[in-house]
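input-v7.cif (mmCIF, C-alpha atoms)
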```
data_model
#
loop_
_atom_site.label_atom_id
_atom_site.label_comp_id
_atom_site.auth_asym_id
_atom_site.auth_seq_id
_atom_site.Cartn_x
_atom_site.Cartn_y
_atom_site.Cartn_z
CA MET A 323 116.83 94.96 121.06
CA ASN A 324 114.06 92.47 121.83
CA PHE A 325 111.53 94.22 119.55
CA GLU A 326 112.40 94.68 115.90
CA ILE A 327 111.07 95.36 112.45
CA SER A 328 113.22 93.59 109.85
CA LYS A 329 113.53 94.01 106.11
CA ASP A 330 115.56 90.79 105.99
CA PRO A 331 114.41 87.20 106.62
CA ILE A 332 114.01 86.51 110.35
CA ASP A 333 116.50 84.20 112.03
CA ILE A 334 114.08 82.32 114.27
CA GLN A 335 116.73 80.96 116.62
CA SER A 336 118.10 84.44 117.31
CA VAL A 337 114.65 85.59 118.49
CA ILE A 338 114.39 82.55 120.79
CA ASP A 339 117.89 83.13 122.16
CA LYS A 340 116.85 86.59 123.42
CA VAL A 341 114.40 85.12 125.95
CA VAL A 342 116.61 82.36 127.33
CA GLN A 343 116.83 82.79 131.11
CA ARG A 344 117.77 80.52 134.02
CA GLU A 345 114.40 81.12 135.70
CA ALA A 346 112.44 79.81 132.70
CA GLY A 347 110.81 76.42 132.57
CA ALA A 348 109.34 77.01 129.13
CA ILE A 349 109.82 78.97 125.95
CA THR A 350 106.96 79.18 123.44
CA THR A 351 107.65 80.36 119.91
CA PHE A 352 104.97 81.57 117.52
CA ILE A 353 105.92 81.68 113.85
CA GLY A 354 103.45 83.49 111.60
CA THR A 355 103.75 82.43 107.96
CA VAL A 356 102.28 83.57 104.66
CA ARG A 357 99.28 81.41 103.74
CA GLU A 358 98.44 80.66 100.13
CA LEU A 359 94.65 80.43 100.36
CA THR A 360 92.38 82.85 102.21
CA HIS A 361 88.71 81.90 101.91
CA GLY A 362 89.53 80.04 98.71
CA LYS A 363 91.35 82.95 97.10
CA LYS A 364 94.93 82.32 96.02
CA THR A 365 97.56 84.77 97.22
CA LEU A 366 100.67 85.13 95.04
CA TYR A 367 102.69 87.18 97.53
CA LEU A 368 102.33 89.87 100.20
CA ILE A 369 103.90 93.24 100.82
CA TYR A 370 104.19 94.28 104.48
CA GLU A 371 104.65 97.94 105.28
CA ALA A 372 105.26 99.41 108.74
CA TYR A 373 105.39 102.78 110.42
CA GLU A 374 108.63 101.47 111.73
CA SER A 375 109.50 103.79 114.62
CA MET A 376 105.99 103.61 116.06
CA ALA A 377 105.71 99.87 115.40
CA VAL A 378 108.82 99.22 117.50
CA LYS A 379 107.34 101.31 120.32
CA LYS A 380 104.07 99.40 120.18
CA LEU A 381 105.91 96.04 120.21
CA GLU A 382 107.77 97.27 123.29
CA GLN A 383 104.42 98.23 124.86
CA ILE A 384 103.17 94.67 124.28
CA GLY A 385 106.31 93.37 125.97
CA THR A 386 105.66 95.63 128.96
CA GLU A 387 102.03 94.52 129.17
CA ILE A 388 103.10 90.86 129.19
CA LYS A 389 105.66 91.40 131.94
CA GLU A 390 102.97 93.08 134.04
CA ARG A 391 100.52 90.21 133.53
CA TRP A 392 102.80 87.18 133.63
CA ASN A 393 105.41 87.13 136.35
CA GLY A 394 108.95 86.52 135.24
CA ALA A 395 108.17 86.63 131.51
CA GLU A 396 110.75 87.58 128.91
CA VAL A 397 109.53 88.55 125.44
CA ALA A 398 111.09 89.06 122.00
CA ILE A 399 109.23 89.89 118.80
CA THR A 400 110.49 90.45 115.24
CA HIS A 401 108.15 91.36 112.37
CA ARG A 402 109.16 91.32 108.70
CA THR A 403 108.45 94.04 106.14
CA GLY A 404 108.77 94.04 102.36
CA LYS A 405 107.80 91.35 99.84
CA LEU A 406 107.02 87.93 101.28
CA ASP A 407 106.28 84.78 99.32
CA ILE A 408 103.99 81.93 100.34
CA THR A 409 105.41 80.06 103.38
CA ASP A 410 107.77 82.93 104.28
CA VAL A 411 107.97 83.88 107.95
CA ALA A 412 106.18 87.17 108.70
CA VAL A 413 106.51 87.32 112.48
CA VAL A 414 108.30 85.47 115.28
CA ILE A 415 107.27 85.81 118.93
CA ALA A 416 109.25 84.13 121.69
CA VAL A 417 108.11 84.15 125.32
CA SER A 418 109.82 82.48 128.26
CA THR A 419 108.24 82.06 131.69
CA PRO A 420 108.89 79.94 134.80
CA HIS A 421 105.86 77.69 133.99
CA ARG A 422 104.56 76.47 130.63
CA ALA A 423 100.92 77.57 130.88
CA ASP A 424 101.98 81.20 131.17
CA ALA A 425 104.31 80.92 128.19
CA TYR A 426 101.46 79.69 125.97
CA GLU A 427 98.98 82.30 127.19
CA ALA A 428 101.38 85.23 126.99
CA ASN A 429 102.47 84.28 123.49
CA ARG A 430 98.85 84.17 122.30
CA TYR A 431 98.28 87.55 123.92
CA ALA A 432 101.21 89.03 121.98
CA ILE A 433 99.93 88.03 118.53
CA GLU A 434 96.41 89.24 119.28
CA ARG A 435 97.77 92.60 120.46
CA ILE A 436 99.95 92.91 117.33
CA LYS A 437 96.77 92.64 115.28
CA GLU A 438 95.20 95.46 117.33
CA ILE A 439 97.78 98.17 117.96
CA VAL A 440 100.97 97.74 115.90
CA PRO A 441 101.04 99.93 112.76
CA ILE A 442 101.87 97.28 110.16
CA TRP A 443 99.83 96.66 107.02
CA LYS A 444 99.81 93.93 104.42
CA LYS A 445 98.95 94.25 100.76
CA GLU A 446 97.77 91.02 99.20
CA HIS A 447 98.57 90.35 95.58
CA TRP A 448 96.37 87.92 93.69
CA GLU A 449 96.30 86.77 90.07
CA ASP A 450 93.57 89.34 89.37
CA GLY A 451 94.56 92.28 91.53
CA GLU A 452 95.89 93.62 94.80
CA GLU A 453 94.50 95.23 97.93
CA TRP A 454 95.60 96.64 101.26
CA ILE A 455 94.10 94.45 103.96
CA GLY A 456 92.46 95.84 107.05
CA ASN A 457 89.11 95.55 108.65
CA GLN A 458 87.80 92.73 106.50
CA LEU A 459 87.46 88.93 106.49
CA GLU A 460 89.53 87.40 109.27
CA THR A 461 91.91 90.31 109.29
CA VAL A 462 89.61 92.72 111.15
CA ALA A 463 92.06 94.89 112.99
CA TYR A 464 89.70 96.77 115.25
CA PRO A 465 86.25 95.28 115.93
CA LYS A 466 84.70 98.74 116.03
CA GLY A 467 86.70 100.21 113.19
CA LYS A 468 89.36 101.63 115.47
CA PRO A 469 91.17 100.57 118.62
CA GLU A 470 89.03 101.15 121.65
CA GLU A 471 90.37 103.31 124.44
CA LYS A 472 91.21 100.27 126.53
CA ASP A 473 93.10 98.69 123.62
CA LEU A 474 95.49 101.59 123.42
CA HIS A 475 96.55 101.96 127.00
CA GLU A 476 95.95 98.72 128.85
CA MET B 1291 105.49 123.19 110.60
CA ASN B 1292 104.01 119.74 110.85
CA LYS B 1293 104.73 116.48 109.09
CA ILE B 1294 101.64 114.52 108.09
CA MET B 1295 102.31 110.86 107.24
CA PHE B 1296 100.20 108.39 105.28
CA PHE B 1297 100.32 104.60 105.09
CA ALA B 1298 98.84 101.71 103.10
CA HIS B 1299 95.88 102.71 100.91
CA LEU B 1300 95.98 106.30 102.17
CA ARG B 1301 99.49 106.68 100.78
CA ASP B 1302 98.37 105.32 97.42
CA ARG B 1303 95.48 107.76 97.40
CA VAL B 1304 97.44 110.86 98.41
CA GLY B 1305 100.36 109.86 96.18
CA GLU B 1306 102.89 110.99 98.80
CA GLU B 1307 104.43 109.42 101.89
CA SER B 1308 104.04 112.66 103.77
CA LEU B 1309 103.03 116.30 103.52
CA THR B 1310 104.70 119.22 105.24
CA LYS B 1311 102.14 121.78 106.33
CA ASP B 1312 101.47 124.06 109.27
CA VAL B 1313 98.34 122.63 110.87
CA SER B 1314 99.11 123.65 114.46
CA GLY B 1315 96.08 124.80 116.42
CA LYS B 1316 93.77 122.44 114.55
CA THR B 1317 92.30 119.39 116.19
CA ILE B 1318 92.81 115.94 114.66
CA SER B 1319 89.20 115.91 113.56
CA GLU B 1320 89.58 119.30 111.83
CA LEU B 1321 92.67 118.02 110.03
CA LYS B 1322 90.82 114.86 109.00
CA GLN B 1323 88.02 116.97 107.57
CA MET B 1324 90.49 119.11 105.63
CA LEU B 1325 92.22 116.04 104.16
CA GLU B 1326 88.90 114.42 103.30
CA GLU B 1327 87.92 117.53 101.34
CA ASN B 1328 91.29 118.05 99.63
CA TYR B 1329 92.23 114.44 98.85
CA GLY B 1330 88.94 112.58 98.81
CA LEU B 1331 90.11 110.37 101.69
CA LYS B 1332 87.73 108.49 103.99
CA LEU B 1333 89.15 108.84 107.47
CA ASP B 1334 86.31 107.91 109.82
CA SER B 1335 87.74 104.45 110.60
CA VAL B 1336 91.32 105.71 110.54
CA MET B 1337 93.22 106.36 113.76
CA ALA B 1338 95.64 109.23 114.14
CA ALA B 1339 98.95 109.16 115.93
CA VAL B 1340 100.72 112.26 117.19
CA ASN B 1341 104.44 111.83 117.73
CA GLU B 1342 104.09 108.03 117.48
CA GLU B 1343 101.31 107.68 120.08
CA PHE B 1344 97.62 107.13 119.30
CA ALA B 1345 95.66 110.36 119.68
CA SER B 1346 91.97 111.12 120.03
CA ASP B 1347 90.03 113.22 117.51
CA ASP B 1348 89.84 116.20 119.87
CA GLU B 1349 93.61 116.43 120.45
CA VAL B 1350 95.00 119.83 119.41
CA ILE B 1351 98.04 119.72 117.14
CA GLN B 1352 101.10 121.64 118.33
CA ALA B 1353 103.86 123.21 116.22
CA GLY B 1354 106.41 120.58 115.26
CA ASP B 1355 104.12 117.60 115.89
CA THR B 1356 104.31 114.66 113.51
CA ILE B 1357 100.86 113.35 112.67
CA ALA B 1358 100.35 109.92 111.13
CA PHE B 1359 97.13 108.41 109.84
CA ILE B 1360 96.88 104.75 110.76
CA PRO B 1361 94.35 102.67 108.80
CA PRO B 1362 93.14 99.49 110.54
CA VAL B 1363 96.29 97.42 110.94
CA SER B 1364 96.87 93.99 109.39
CA GLY B 1365 100.21 92.76 110.67
CA GLY B 1366 100.91 89.39 112.21
#
```
Rewrite the structure from the file as structure tokens, please.
Amino acid sequence: MNFEISKDPIDIQSVIDKVVQREAGAITTFIGTVRELTHGKKTLYLIYEAYESMAVKKLEQIGTEIKERWNGAEVAITHRTGKLDITDVAVVIAVSTPHRADAYEANRYAIERIKEIVPIWKKEHWEDGEEWIGNQLETVAYPKGKPEEKDLHE
Amino acid sequence: MNKIMFFAHLRDRVGEESLTKDVSGKTISELKQMLEENYGLKLDSVMAAVNEEFASDDEVIQAGDTIAFIPPVSGG
């Protein structure tokens, strides 16, 4: 199970361990964490919600896309759901490849694709309110309001 | 019958995680229009998924399909 949605805190090392392979010369790990300030506004905590069964499928699709683009890549992704406090880990992406440049590029690709096609939403809670985030500020999910045809199937 | 699922702000607005309704034979865009009228939702920037795969507005819903409305995502 290289692609998971987890209600419990993510064990970072266990995600990394899934991509260990003898052919690899590099493993890159991306750890997405909950930031306190967004454009000067203070977040108290976040709630992440997922359409879990579809989210797992879309994470698997990202893994397949990476293997097609970067030869010899192995990928593992775990995304948290539920209530997360500031500094908590929201997502961990591990990619191993034979050469380091590919591991960096493929890992970046994975997080950008998560923000496009994986059905996960965050609700930000501030001192003066709360709001589901999507399509605003730096969290624009789809530049044109929805995934473009090429985003869905590439 | 069909299961119609809502997430994020759509769920708050509808007040339910899902509805069970027979909407087979309708297109996604016809269903969107019906939900906009009945629940005051705004669905023009919302994607639909049929059986966990993104679907276009002209896709025709079949009996037993699960339809989910996917607001712009904000994971990561």
For this session: Tell me, as a count of residues only, which residues lie within 6 Å of stretch 393-409 of chain A, counting only C-alpha atoms; anything in the same chain fewer than 2 positions away does not count.
Result: 26
Exercise. Exactly which residues make up the result of the PyMOL selection byres ((chain A and resi 423) around 12) on this file, given as a PyMOL selection string?
Worked result: chain A and resi 346-350+392-393+395+417-422+424-430
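The interatomic distance for the pair atom CA of B:Phe1296 and atom CA of B:Pro1361 works out to 8.9 Å.
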For this session: Quick one: everything within 8 Å of B:Ile1357, counting all atoms listed in the file, minus sequence neighbours fewer than 6 positions away in the same chain. Send it as a ChimeraX atom specification.
Result: /B:1292-1295,1338-1342
For this session: Carefully work through the PyMOL selection byres ((chain B) within 9 of (chain A)) for this structure and note down the residues it includes, as a list of chain:residue names.
Result: B:Phe1297, B:Ala1298, B:His1299, B:Asp1334, B:Ser1335, B:Val1336, B:Met1337, B:Ala1339, B:Asn1341, B:Glu1342, B:Glu1343, B:Phe1344, B:Ala1358, B:Ile1360, B:Pro1361, B:Pro1362, B:Val1363, B:Ser1364, B:Gly1365, B:Gly1366
For this session: Could you jot down the atom CA of B:Ser1346 to atom CA of B:Lys1332 separation for me, Å, one decimal place?
Result: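 These two atoms are separated by 16.8 Å.
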Problem set entry | Separation of atom CA of B:Leu1309 from atom CA of A:Glu446, in Å and rounded to one decimal |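 According to the coordinates, atom CA of B:Leu1309 and atom CA of A:Glu446 are separated by 26.2 Å.
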Determine, counting all atoms listed in the file, every residue of protein, DNA or RNA that lies within 10 Å of (97.9, 124.2, 117.6) in the file coordinates, then give the result as a tab-separated table (two decimals) with C-alpha atoms, keeping the file's coordinate frame.
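Saved result, out.tsv, follows:
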```tsv
chain	number	residue	atom	x	y	z
B	1312	ASP	CA	101.47	124.06	109.27
B	1313	VAL	CA	98.34	122.63	110.87
B	1314	SER	CA	99.11	123.65	114.46
B	1315	GLY	CA	96.08	124.80	116.42
B	1316	LYS	CA	93.77	122.44	114.55
B	1317	THR	CA	92.30	119.39	116.19
B	1349	GLU	CA	93.61	116.43	120.45
B	1350	VAL	CA	95.00	119.83	119.41
B	1351	ILE	CA	98.04	119.72	117.14
B	1352	GLN	CA	101.10	121.64	118.33
B	1353	ALA	CA	103.86	123.21	116.22
B	1354	GLY	CA	106.41	120.58	115.26
B	1355	ASP	CA	104.12	117.60	115.89
```
